[in-house]
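Here is the file coords.cif (mmCIF, C-alpha atoms and all ligand atoms).
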```cif
data_work
#
loop_
_atom_site.group_PDB
_atom_site.id
_atom_site.type_symbol
_atom_site.label_atom_id
_atom_site.label_comp_id
_atom_site.auth_asym_id
_atom_site.auth_seq_id
_atom_site.Cartn_x
_atom_site.Cartn_y
_atom_site.Cartn_z
ATOM 1 C CA MET A 70 -11.870 80.152 111.478
ATOM 2 C CA ILE A 71 -9.947 82.962 109.714
ATOM 3 C CA SER A 72 -6.325 82.078 108.869
ATOM 4 C CA THR A 73 -3.403 84.527 109.089
ATOM 5 C CA ASN A 74 -3.265 84.728 105.260
ATOM 6 C CA SER A 75 -6.921 85.571 104.866
ATOM 7 C CA LYS A 76 -6.515 88.210 107.566
ATOM 8 C CA ASP A 77 -3.780 89.714 105.371
ATOM 9 C CA LEU A 78 -6.125 89.820 102.380
ATOM 10 C CA LEU A 79 -8.982 91.287 104.434
ATOM 11 C CA ALA A 80 -6.706 93.994 105.814
ATOM 12 C CA MET A 81 -5.407 95.086 102.396
ATOM 13 C CA PRO A 82 -6.318 98.641 101.321
ATOM 14 C CA ILE A 83 -8.795 98.827 98.438
ATOM 15 C CA SER A 84 -6.691 101.429 96.612
ATOM 16 C CA ASP A 85 -4.854 98.619 94.754
ATOM 17 C CA PHE A 86 -8.086 97.313 93.223
ATOM 18 C CA ILE A 87 -10.079 100.313 92.080
ATOM 19 C CA ILE A 88 -10.937 101.297 88.503
ATOM 20 C CA SER A 89 -9.730 104.906 88.455
ATOM 21 C CA SER A 90 -12.115 107.795 87.834
ATOM 22 C CA GLU A 91 -10.842 108.625 84.335
ATOM 23 C CA LYS A 92 -11.909 105.163 83.145
ATOM 24 C CA VAL A 93 -15.369 105.370 84.723
ATOM 25 C CA ALA A 94 -18.373 106.544 82.692
ATOM 26 C CA HIS A 95 -20.380 109.135 84.641
ATOM 27 C CA VAL A 96 -22.973 111.884 84.280
ATOM 28 C CA GLN A 97 -23.126 115.297 85.932
ATOM 29 C CA SER A 98 -25.904 116.248 88.313
ATOM 30 C CA GLY A 99 -26.992 119.102 86.002
ATOM 31 C CA ASN A 100 -27.261 116.893 82.919
ATOM 32 C CA ASN A 101 -30.719 116.017 81.681
ATOM 33 C CA ALA A 102 -32.215 112.527 81.629
ATOM 34 C CA GLU A 103 -31.987 112.318 77.826
ATOM 35 C CA HIS A 104 -28.189 112.726 77.953
ATOM 36 C CA ALA A 105 -27.976 110.210 80.831
ATOM 37 C CA LEU A 106 -30.058 107.692 78.863
ATOM 38 C CA LEU A 107 -27.638 108.044 75.940
ATOM 39 C CA VAL A 108 -24.599 107.471 78.190
ATOM 40 C CA LEU A 109 -26.168 104.423 79.868
ATOM 41 C CA THR A 110 -27.263 102.930 76.549
ATOM 42 C CA ARG A 111 -23.938 103.540 74.779
ATOM 43 C CA THR A 112 -21.795 102.176 77.633
ATOM 44 C CA GLY A 113 -24.134 99.266 78.377
ATOM 45 C CA TYR A 114 -23.749 99.793 82.149
ATOM 46 C CA SER A 115 -26.819 99.345 84.309
ATOM 47 C CA SER A 116 -25.860 102.132 86.699
ATOM 48 C CA ILE A 117 -23.235 104.921 86.747
ATOM 49 C CA PRO A 118 -22.007 107.572 89.221
ATOM 50 C CA VAL A 119 -23.350 111.132 89.246
ATOM 51 C CA LEU A 120 -20.729 113.845 89.910
ATOM 52 C CA ASP A 121 -20.917 117.598 90.421
ATOM 53 C CA MET A 122 -18.811 120.174 88.544
ATOM 54 C CA LYS A 123 -15.969 119.694 91.044
ATOM 55 C CA TYR A 124 -15.921 115.918 90.559
ATOM 56 C CA ARG A 125 -17.542 115.229 93.939
ATOM 57 C CA LEU A 126 -19.787 112.191 94.175
ATOM 58 C CA GLN A 127 -23.512 113.052 94.338
ATOM 59 C CA GLY A 128 -25.271 109.727 93.759
ATOM 60 C CA LEU A 129 -25.989 106.921 91.312
ATOM 61 C CA LEU A 130 -28.196 106.829 88.248
ATOM 62 C CA SER A 131 -29.661 103.725 86.648
ATOM 63 C CA MET A 132 -31.772 102.994 83.599
ATOM 64 C CA LYS A 133 -34.622 102.004 85.942
ATOM 65 C CA MET A 134 -34.614 105.457 87.601
ATOM 66 C CA ILE A 135 -34.893 107.123 84.188
ATOM 67 C CA THR A 136 -37.661 104.808 82.988
ATOM 68 C CA GLU A 137 -39.645 105.307 86.189
ATOM 69 C CA SER A 138 -39.394 109.101 85.836
ATOM 70 C CA ILE A 139 -41.164 109.023 82.437
ATOM 71 C CA LEU A 140 -43.666 106.284 83.130
ATOM 72 C CA GLY A 141 -47.160 107.532 82.304
ATOM 73 C CA LEU A 142 -50.453 105.739 82.902
ATOM 74 C CA GLU A 143 -50.777 104.488 79.318
ATOM 75 C CA HIS A 144 -47.333 104.934 77.776
ATOM 76 C CA ILE A 145 -43.727 105.988 78.349
ATOM 77 C CA GLU A 146 -43.487 109.775 78.011
ATOM 78 C CA TYR A 147 -40.133 110.102 76.216
ATOM 79 C CA GLU A 148 -40.781 113.758 75.402
ATOM 80 C CA LYS A 149 -40.225 114.595 79.099
ATOM 81 C CA LEU A 150 -36.596 113.400 79.079
ATOM 82 C CA PRO A 151 -34.913 116.754 78.166
ATOM 83 C CA ASN A 152 -36.717 118.524 81.036
ATOM 84 C CA ILE A 153 -35.762 116.085 83.792
ATOM 85 C CA LYS A 154 -32.513 116.856 85.642
ATOM 86 C CA VAL A 155 -30.385 113.925 86.749
ATOM 87 C CA ASP A 156 -30.161 115.155 90.366
ATOM 88 C CA THR A 157 -33.954 114.976 90.754
ATOM 89 C CA ILE A 158 -34.141 111.258 89.957
ATOM 90 C CA MET A 159 -30.767 109.840 91.106
ATOM 91 C CA GLU A 160 -30.287 107.704 94.236
ATOM 92 C CA LYS A 161 -28.534 109.854 96.842
ATOM 93 C CA ASP A 162 -28.388 107.424 99.731
ATOM 94 C CA ILE A 163 -25.598 105.157 98.512
ATOM 95 C CA ALA A 164 -22.890 102.996 100.048
ATOM 96 C CA VAL A 165 -19.488 104.626 99.546
ATOM 97 C CA LEU A 166 -15.925 103.451 100.166
ATOM 98 C CA LYS A 167 -12.970 105.624 101.132
ATOM 99 C CA MET A 168 -9.555 105.071 99.551
ATOM 100 C CA THR A 169 -8.248 104.004 102.958
ATOM 101 C CA ASP A 170 -10.955 101.353 103.524
ATOM 102 C CA THR A 171 -9.967 97.695 103.688
ATOM 103 C CA PHE A 172 -10.807 94.750 101.460
ATOM 104 C CA GLN A 173 -12.959 93.423 104.314
ATOM 105 C CA ARG A 174 -15.273 96.451 104.280
ATOM 106 C CA ALA A 175 -15.538 96.228 100.489
ATOM 107 C CA LEU A 176 -16.335 92.508 100.704
ATOM 108 C CA ASP A 177 -19.151 93.176 103.184
ATOM 109 C CA LEU A 178 -20.658 95.852 100.928
ATOM 110 C CA VAL A 179 -20.378 94.161 97.504
ATOM 111 C CA ILE A 180 -22.733 91.432 98.642
ATOM 112 C CA ASN A 181 -25.558 93.907 98.000
ATOM 113 C CA HIS A 182 -23.987 96.101 95.292
ATOM 114 C CA ALA A 183 -22.503 95.240 91.875
ATOM 115 C CA PHE A 184 -20.022 98.080 92.362
ATOM 116 C CA LEU A 185 -19.128 100.702 94.927
ATOM 117 C CA CYS A 186 -18.003 104.288 94.444
ATOM 118 C CA VAL A 187 -14.734 105.286 96.066
ATOM 119 C CA ILE A 188 -13.974 108.811 97.282
ATOM 120 C CA ASP A 189 -10.779 110.415 98.529
ATOM 121 C CA GLU A 190 -10.381 112.392 101.771
ATOM 122 C CA ASP A 191 -12.079 115.548 100.421
ATOM 123 C CA GLY A 192 -15.030 113.740 98.879
ATOM 124 C CA THR A 193 -13.668 113.807 95.337
ATOM 125 C CA PHE A 194 -14.650 110.824 93.238
ATOM 126 C CA ALA A 195 -11.626 108.500 92.930
ATOM 127 C CA GLY A 196 -13.149 105.579 91.024
ATOM 128 C CA ILE A 197 -15.156 102.405 91.557
ATOM 129 C CA LEU A 198 -14.597 98.955 92.998
ATOM 130 C CA THR A 199 -16.609 96.237 91.287
ATOM 131 C CA ARG A 200 -17.871 92.924 92.626
ATOM 132 C CA ARG A 201 -16.056 91.295 89.683
ATOM 133 C CA VAL A 202 -12.670 92.607 90.889
ATOM 134 C CA ILE A 203 -13.352 91.537 94.493
ATOM 135 C CA LEU A 204 -14.333 88.017 93.335
ATOM 136 C CA LYS A 205 -11.196 87.789 91.154
ATOM 137 C CA GLN A 206 -9.002 88.619 94.149
ATOM 138 C CA LEU A 207 -10.817 86.069 96.314
ATOM 139 C CA LYS A 208 -10.436 83.407 93.601
ATOM 140 C CA LYS A 209 -6.699 84.149 93.295
ATOM 141 C CA TYR A 210 -6.321 83.874 97.042
ATOM 142 C CA ILE A 211 -8.249 80.570 97.296
ATOM 143 C CA TYR A 212 -6.381 78.950 94.376
ATOM 144 C CA GLN A 213 -2.989 80.026 95.741
ATOM 145 C CA LYS A 214 -3.868 78.428 99.083
ATOM 146 C CA GLU A 215 -4.711 75.100 97.398
ATOM 147 C CA LYS A 216 -1.273 74.857 95.706
HETATM 148 P P1 LIG B 301 -18.757 94.638 85.842
HETATM 149 O O1 LIG B 301 -18.027 94.166 87.035
HETATM 150 O O2 LIG B 301 -17.843 95.052 84.743
HETATM 151 O O3 LIG B 301 -19.840 93.685 85.430
HETATM 152 O O4 LIG B 301 -19.473 95.985 86.286
HETATM 153 C C1 LIG B 301 -20.538 95.989 87.211
HETATM 154 C C2 LIG B 301 -21.177 97.355 87.184
HETATM 155 O O5 LIG B 301 -20.204 98.324 87.591
HETATM 156 C C3 LIG B 301 -21.622 97.834 85.805
HETATM 157 O O6 LIG B 301 -22.932 97.415 85.456
HETATM 158 C C4 LIG B 301 -21.602 99.321 85.961
HETATM 159 O O7 LIG B 301 -22.770 99.746 86.661
HETATM 160 C C5 LIG B 301 -20.388 99.531 86.865
HETATM 161 N N1 LIG B 301 -19.183 99.761 86.062
HETATM 162 C C6 LIG B 301 -18.183 98.893 85.794
HETATM 163 N N2 LIG B 301 -17.210 99.467 85.046
HETATM 164 C C7 LIG B 301 -17.620 100.746 84.822
HETATM 165 C C8 LIG B 301 -17.065 101.874 84.112
HETATM 166 N N3 LIG B 301 -15.879 101.807 83.470
HETATM 167 N N4 LIG B 301 -17.760 103.017 84.102
HETATM 168 C C9 LIG B 301 -18.950 103.116 84.744
HETATM 169 N N5 LIG B 301 -19.518 102.110 85.446
HETATM 170 C C10 LIG B 301 -18.870 100.932 85.483
#
```

Spit out the file's structure as structure tokens when you get a sec.
Amino acid sequence: MISTNSKDLLAMPISDFIISSEKVAHVQSGNNAEHALLVLTRTGYSSIPVLDMKYRLQGLLSMKMITESILGLEHIEYEKLPNIKVDTIMEKDIAVLKMTDTFQRALDLVINHAFLCVIDEDGTFAGILTRRVILKQLKKYIYQKEK
């Protein structure tokens, strides 16, 4: 059964919990795969958002997508990296949150995603919400209830 308090948490807007866009590492859709590989390696993130010139969300790019794009029959074809554009290998069909979405919707989605991209009303990238942040909020809520 869901208590009144947990209903409060579930109904909270996600805007309080997001990591804002200026703190999020990203690549642009026109960048090449070599640049993207550098960004992913330097930041240590497994996957990062892809934005267009106007800061609108286009998709997600992971190390796996880059590796798969240069996988030859016998060896990895690193020399191809500068000629591959990010928007040809990124994942376009991604789960997205709106700034006005609730904690409950985020909770449902983070089960299958380590983080979710958040957009504002005109599709501009606003930031990300990570599974880590959602779990921290849940932990805080559970521990407060036990006191
Ligand atoms: P974390 O919760 O810190 O383990 O992050 C989970 C995933 O969210 C990372 O592997 C990245 O894909 C993404 N992520 C977290 N923080 C950032 C950030 N500042 N910039 C880009 N991606 C991030």

**Report entry** Nearest candidate to A:Phe194 (options A:Lys167, A:Glu103, A:Gly113, A:Glu160; using only C-alpha atoms)
**Finding:**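 Distance minimum relative to A:Phe194 lands on A:Lys167.
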
Query raised in the report: A:Ala183, A:Leu78, A:Leu106, A:Ile163: which is nearest ligand LIG 301 (chain B), counting all atoms listed in the file?
Result: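 The shortest atom-to-atom distance to ligand LIG 301 (chain B) comes from A:Ala183.
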
Query raised in the report: So how many Å separate atom CA of A:Phe184 and atom CA of A:His104, to one decimal?
Result: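 Between atom CA of A:Phe184 and atom CA of A:His104 the gap is 22.1 Å.
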
Requested in this report: Might you spell out which residues the PyMOL selection byres (((not hetatm)) within 12 of (chain B and resi 301)) would select in the displayed file, as number ranges by chain?
Outcome: A: 87-96, 108-119, 129-132, 179, 182-186, 196-205

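With distances taken over all atoms listed in the file, A:Ala105 is the one residue among A:Gln213, A:Leu142, A:Ala105, A:Ala80 lying closest to A:Lys154.
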
Requested in this report: Rank A:Ile180, A:Val155, A:Leu150, A:Leu79 by their smallest atom-to-atom distance to A:Gln127, using all atoms listed in the file, and report the top residue only.
Outcome: A:Val155

Excluding A:Asn152 and residues on its chain fewer than 2 positions from it, collect all residues at most 12 Å away from it, counting only C-alpha atoms, and give them as a tab-separated table (two decimals) with C-alpha atoms, in the coordinates of the input.
```tsv
chain	number	residue	atom	x	y	z
A	99	GLY	CA	-26.99	119.10	86.00
A	100	ASN	CA	-27.26	116.89	82.92
A	101	ASN	CA	-30.72	116.02	81.68
A	102	ALA	CA	-32.22	112.53	81.63
A	103	GLU	CA	-31.99	112.32	77.83
A	104	HIS	CA	-28.19	112.73	77.95
A	135	ILE	CA	-34.89	107.12	84.19
A	138	SER	CA	-39.39	109.10	85.84
A	139	ILE	CA	-41.16	109.02	82.44
A	146	GLU	CA	-43.49	109.78	78.01
A	147	TYR	CA	-40.13	110.10	76.22
A	148	GLU	CA	-40.78	113.76	75.40
A	149	LYS	CA	-40.22	114.60	79.10
A	150	LEU	CA	-36.60	113.40	79.08
A	154	LYS	CA	-32.51	116.86	85.64
A	155	VAL	CA	-30.38	113.92	86.75
A	156	ASP	CA	-30.16	115.16	90.37
A	157	THR	CA	-33.95	114.98	90.75
A	158	ILE	CA	-34.14	111.26	89.96
```

Requested in this report: Quote the spacing between atom CA of A:Ile188 and atom CA of A:Arg125 in Å to one decimal place.
Outcome: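 Taking atom CA of A:Ile188 as the start and atom CA of A:Arg125 as the end point, the length is 8.1 Å.
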
**Report entry** Nearest residue to A:Met122 from the set A:Thr193, A:Leu140, A:Ile153, A:Val165 (distances using all atoms listed in the file)
**Finding:**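 Closest candidate: A:Thr193.
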
Query raised in the report: Of the candidates A:Ile211, A:Ala164, A:Ala195, A:Leu126, which one gets nearest to A:Asp177 if we count only C-alpha atoms?
Result: A:Ala164

Query raised in the report: Which value, in Å to one decimal, gives the distance between atom CA of A:Asp77 and atom CA of A:Thr171?
Result: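 Value for the atom CA of A:Asp77-atom CA of A:Thr171 distance: 10.2 Å.
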
Enclosing box along x, y and z for every listed atom of stretch 89-105 of chain A, padded 4 Å each side, centre and size in Å, one decimal, as AutoDock Vina command-line options:
```
--center_x -21.0 --center_y 112.0 --center_z 83.1 --size_x 30.5 --size_y 22.2 --size_z 18.6
```

Query - Result set, the PyMOL selection byres (((chain A and resi 82) around 10) and not hetatm) on current file, as a PyMOL selection string - result: chain A and resi 78-81+83-86+167-175

Stretch 121-156 of chain A from the block above: C-alpha atoms written as a PDB file, in the first residue's frame:
```pdb
ATOM      1  CA  ASP A 121      22.524  19.925 -31.986  1.00  0.00           C
ATOM      2  CA  MET A 122      23.889  23.459 -32.480  1.00  0.00           C
ATOM      3  CA  LYS A 123      20.824  24.903 -30.727  1.00  0.00           C
ATOM      4  CA  TYR A 124      21.288  22.685 -27.668  1.00  0.00           C
ATOM      5  CA  ARG A 125      18.349  20.430 -28.569  1.00  0.00           C
ATOM      6  CA  LEU A 126      18.616  16.789 -27.572  1.00  0.00           C
ATOM      7  CA  GLN A 127      19.279  14.442 -30.521  1.00  0.00           C
ATOM      8  CA  GLY A 128      20.233  11.136 -28.894  1.00  0.00           C
ATOM      9  CA  LEU A 129      22.779   9.273 -26.791  1.00  0.00           C
ATOM     10  CA  LEU A 130      26.255   8.058 -27.633  1.00  0.00           C
ATOM     11  CA  SER A 131      28.141   5.292 -25.862  1.00  0.00           C
ATOM     12  CA  MET A 132      31.581   3.752 -26.148  1.00  0.00           C
ATOM     13  CA  LYS A 133      29.926   0.550 -27.413  1.00  0.00           C
ATOM     14  CA  MET A 134      28.305   2.407 -30.345  1.00  0.00           C
ATOM     15  CA  ILE A 135      31.695   3.817 -31.355  1.00  0.00           C
ATOM     16  CA  THR A 136      33.477   0.473 -31.047  1.00  0.00           C
ATOM     17  CA  GLU A 137      30.793  -1.292 -33.075  1.00  0.00           C
ATOM     18  CA  SER A 138      31.081   1.311 -35.853  1.00  0.00           C
ATOM     19  CA  ILE A 139      34.787   0.498 -36.397  1.00  0.00           C
ATOM     20  CA  LEU A 140      34.665  -3.235 -35.853  1.00  0.00           C
ATOM     21  CA  GLY A 141      36.242  -4.993 -38.830  1.00  0.00           C
ATOM     22  CA  LEU A 142      36.386  -8.729 -39.494  1.00  0.00           C
ATOM     23  CA  GLU A 143      39.955  -9.130 -38.219  1.00  0.00           C
ATOM     24  CA  HIS A 144      40.697  -5.949 -36.277  1.00  0.00           C
ATOM     25  CA  ILE A 145      39.341  -2.635 -35.004  1.00  0.00           C
ATOM     26  CA  GLU A 146      39.616  -0.046 -37.785  1.00  0.00           C
ATOM     27  CA  TYR A 147      40.626   3.036 -35.771  1.00  0.00           C
ATOM     28  CA  GLU A 148      41.562   4.946 -38.921  1.00  0.00           C
ATOM     29  CA  LYS A 149      37.833   5.248 -39.747  1.00  0.00           C
ATOM     30  CA  LEU A 150      37.052   7.290 -36.614  1.00  0.00           C
ATOM     31  CA  PRO A 151      37.570  10.814 -38.105  1.00  0.00           C
ATOM     32  CA  ASN A 152      35.169  10.031 -40.977  1.00  0.00           C
ATOM     33  CA  ILE A 153      32.270   8.772 -38.862  1.00  0.00           C
ATOM     34  CA  LYS A 154      29.748  11.416 -37.757  1.00  0.00           C
ATOM     35  CA  VAL A 155      28.199  11.038 -34.321  1.00  0.00           C
ATOM     36  CA  ASP A 156      24.621  11.344 -35.646  1.00  0.00           C
TER      37      ASP A 156
END
```
